[in-house]
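*Asks:* Okay, handing you the structure first.
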Amino acid sequence: MLKTVVEHLNLESRIGGYEAAELARPRHEAVYDSAARLVGASADDIALVESATVGWQRAMDALALPPGSRVLAAASSYVSSAMHLLELQRTHGVVVEVLPVGPSGETDLEALAKALREPAALVTVAHVPTSSGLVEPVAEIGALTSAAGVPLLLDATQSLGQLPLDVLACRVDIAVGTGRKFLRGPRGTGLLYVSPAMRERMRPNHPDVRGATWHADGGIEIEAGARRYETWETSHALRLGFGAALDEALALGVPRIHGYVSGLAAHLRETLAGLPGVRVTDPEASTGGIVTFVREGEEPRETVARLRRAGVHVTQVPAGHGQWDLGRRGLDAIVRASVHVYNDESDVGALADALTGSRGAPAFVRSGSHADVIVVGAGIHGSAAAWQLARRGVRVTHLDQFPDGHTEGSSHGHTRMIRRAYPSAFWDDLVDRAYGAWDELSNAAGTPLVTTTGGLYARADGVEGLRGPDCRTVDDQEAAKIFPGLRLEPGWTALFDPAAGVIDAAAALACLRELAQAHGADRRPGTMVTSWRADGGGVRVSTDGGELAADRLIVCAGPWTSRLLPAFAPLLEVTRIVNVFLGARDASLVTPPGLGAFSIEVPDVGLLYGLPAFGGSAMKVGLEPGPADDPGQPQRPPAEAEVARLVGLARRFLPGVDGSVVDTVACRYTMAPRNRFAIGAMPGLPQVLVAAACSGHGFKFGPAIGAALADLATGIARPDLDGLSPAALGVTA
């Protein structure tokens, strides 16, 4: 879903909103089909809106209830819906009656049947309220309203994606829902369903060019379908993301999701009910994926804050968000936990452990306001380490001298390469861990961050020594068949790595930031570390914002490593690397499968490397090695000569590159002897850990190195990294 949104935004930035919308028209239209399939309707019955509340308001406006109209509202109604009804009561004379609830907490069907004996204009109910896991008996309610000839408006915000819904079978006349919540779509999306019969009665009182035509005689012709309730101006990127989320839910199957989610929620309720001092507040009729509770002697907002610090994500619902439910039950607020298909019983156990304080804590001093670990540097390694530590319940302070999104270091830019092909078996274990760690991060982020394209790695004098699992050597002619967009010179050979691909680097860094912060990491971008010193078994770190203390220090400072750890100065060299992004008239020659990851050792020139056009970004090329660079000076934009050299090389080996330069970027490589890394404790200072010297190929290992640093910081031995320790690189105490 995230990938879909970002790709369309990138496309808009490159070719313009109108042109991008035209290209995406078939996919945009498909969103209506997917939404209709989800609720058992026709695509003509669906309007795409910005939220369930927007859908509700447009439907209510189009109903145009006259004064005296009687609206029967379930106690489960959402706060925005309830407030809208109360405002209509105040300003338009609409009569609002809140329906009684039965002994199990759901709408009392006998009371509803009795209320429907008198004329009513509308019945509205929330399929699942915001304040509990209650599931309203929608089919039974629909049978009653249909028999009475009264329209039924269903708020499916909390049910879409976790409960099956067939609006025809349930005799629902109007339904609203959001793209987020259990559908896991982007914020700012939703749907409005209006049956054909109701559309005959509901004319939009704010017609828009999206759903109406303005004729020369001044007349306005309203579209027959539900799009009459839409507006022209909307986020096409978010709608496409909504479509991706809908398709994922449909592919998995909502009945299958429901079976899993309801079972796990029942297990969570049972577990919480057995904890001392914890009271489950769900009504008896709660069978959905939302579970609510309170903890004796603790305000729900305090419970939420404490659980989030432990890496457990819950939220608080105050009575002001459900007065007809929570207020009626005398609850000022509750804690809401929602389970989904990505959760399992271990997550239930983690919540229970966090509530009872029985989670295993790392062996830190836990003194005063000290952090457990200070991480310096918010590139790929520092960000991965901060996330890994925070998700384990470690108190992390994460510092970087620059603001988020800066371009001074080594981790910025859209894409990076990943591959299994390496010249030595020394790297094999770390490569395996890297692929697994990217899968783990992608699952945690809810979006794929690695796309497999295959890779070709070529040189004029053969590729002996370059090897890897499932890799094979090919000649220039076979290479051209694998990647028609790559042209090697006659007699050259290449190693084909089928597992190579593209990392969405920008998305990865953004996800790591969000995940670390969500797990309670104290992120402080724009904070310069000026010095540090050992303090017994811990450290004190001086910054331009004051002094901090911690039990561990992790330095992931990239080009600035030697400034903070002078022992590295004789070993590391900072170099400048330029990347150029190039356009092509024939996209098939610069996108997979026509082109994948590649590198070419060009005699007397260097290593030309590149990645295909990906995610809205043009095809990328770069050249190693680069000249020495000074990280103490601001990054210089690529010069004309640097760009021209890369363009010439690209056109020599890439027949499809016949467009203009789309973008350029400069970054810094921190090179170490033998292109090695340094991962581990500083000699003589076990409380100070470092990940240094990416040597031009460290991004692909980012999540694995972050996990390694988290292991070492929490006392987990990693003998597999002994060959990459600072001491092995030559760093002395």
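In the structure tokens, chains take letters A, B, ... by order of appearance, with residues numbered from 1 within each chain and ligands from 1 in the order shown.
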Contacts of His236 (chain A) at 9 Å or less, counting only C-alpha atoms, minus same-chain residues fewer than 6 places along, as a list in words?
*Replies:*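 Residues near the query, excluding close chain neighbours: Val5, His8, Leu9, Gly17, Ala20, Ala21, Ala24 and His28 of chain A.
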*Asks:* Need to verify the contact set: region 503-519 of chain A, 8 Å, only C-alpha atoms, exclusion of same-chain residues closer than 6 positions in sequence. Can you return it as number ranges by chain?
*Replies:* A: 308-313, 379-380, 383-384, 386-388, 390-391, 393, 411-418, 444-445, 449-451, 700
*Asks:* Near Leu191 (chain A), within 10 Å and counting only C-alpha atoms, which residues show up once chain neighbours fewer than 4 positions away are dropped, as an MDAnalysis selection string?
*Replies:* chainID A and resid 32 35:36 46:56 156:157 175:179 242
*Asks:* Looking only at the backbone, which of the residues in region 566-604 of chain A does DSSP tag as helix (DSSP H, G or I), as a PDB file with N, CA and C atoms, in the first residue's frame?
*Replies:*
ATOM      1  N   PRO A 566      38.565   8.845  17.716  1.00  0.00           N
ATOM      2  CA  PRO A 566      39.821   9.163  17.021  1.00  0.00           C
ATOM      3  C   PRO A 566      40.680   7.945  16.680  1.00  0.00           C
ATOM      4  N   ALA A 567      40.481   6.828  17.382  1.00  0.00           N
ATOM      5  CA  ALA A 567      41.272   5.638  17.075  1.00  0.00           C
ATOM      6  C   ALA A 567      41.041   5.146  15.651  1.00  0.00           C
ATOM      7  N   PHE A 568      39.932   5.559  15.032  1.00  0.00           N
ATOM      8  CA  PHE A 568      39.638   5.150  13.665  1.00  0.00           C
ATOM      9  C   PHE A 568      40.325   6.033  12.623  1.00  0.00           C
ATOM     10  N   ALA A 587      10.767   2.907 -21.756  1.00  0.00           N
ATOM     11  CA  ALA A 587      10.858   2.540 -20.334  1.00  0.00           C
ATOM     12  C   ALA A 587      11.207   1.072 -20.152  1.00  0.00           C
ATOM     13  N   SER A 588      10.894   0.211 -21.133  1.00  0.00           N
ATOM     14  CA  SER A 588      11.139  -1.220 -20.959  1.00  0.00           C
ATOM     15  C   SER A 588      12.625  -1.536 -20.854  1.00  0.00           C
ATOM     16  N   LEU A 589      13.506  -0.634 -21.329  1.00  0.00           N
ATOM     17  CA  LEU A 589      14.941  -0.883 -21.280  1.00  0.00           C
ATOM     18  C   LEU A 589      15.591  -0.398 -19.994  1.00  0.00           C
TER      19      LEU A 589
END
*Asks:* If you run DSSP on the backbone here, which positions in region 354-418 of chain A get strand (DSSP E or B)? Please write them as a list in words.
*Replies:*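 DSSP on the backbone gives strand (DSSP E or B) at Ala371, Asp372, Val373, Ile374, Val375, Val376, Val396, Thr397, His398, Leu399, Asp400, Thr415, Arg416, Met417 and Ile418 of chain A.
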*Asks:* Given the choices A:Pro686, A:Pro634, A:Gly277, A:Pro164, which gets closest to Gly253 (chain A) if the distance is worked out from only C-alpha atoms?
*Replies:* A:Pro164
*Asks:* Neighbours of Gly263 (chain A) within 10 Å (only C-alpha atoms; same-chain residues fewer than 4 positions away dropped), as a PyMOL selection string?
*Replies:* chain A and resi 257-259+267-268+287-289+339
*Asks:* Could you tell me which of A:Leu571, A:Asp353, A:Arg552, A:Glu200 comes closest to Ala681 (chain A) if we count only C-alpha atoms?
*Replies:*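 Selected residue with least distance to Ala681 (chain A): A:Arg552.
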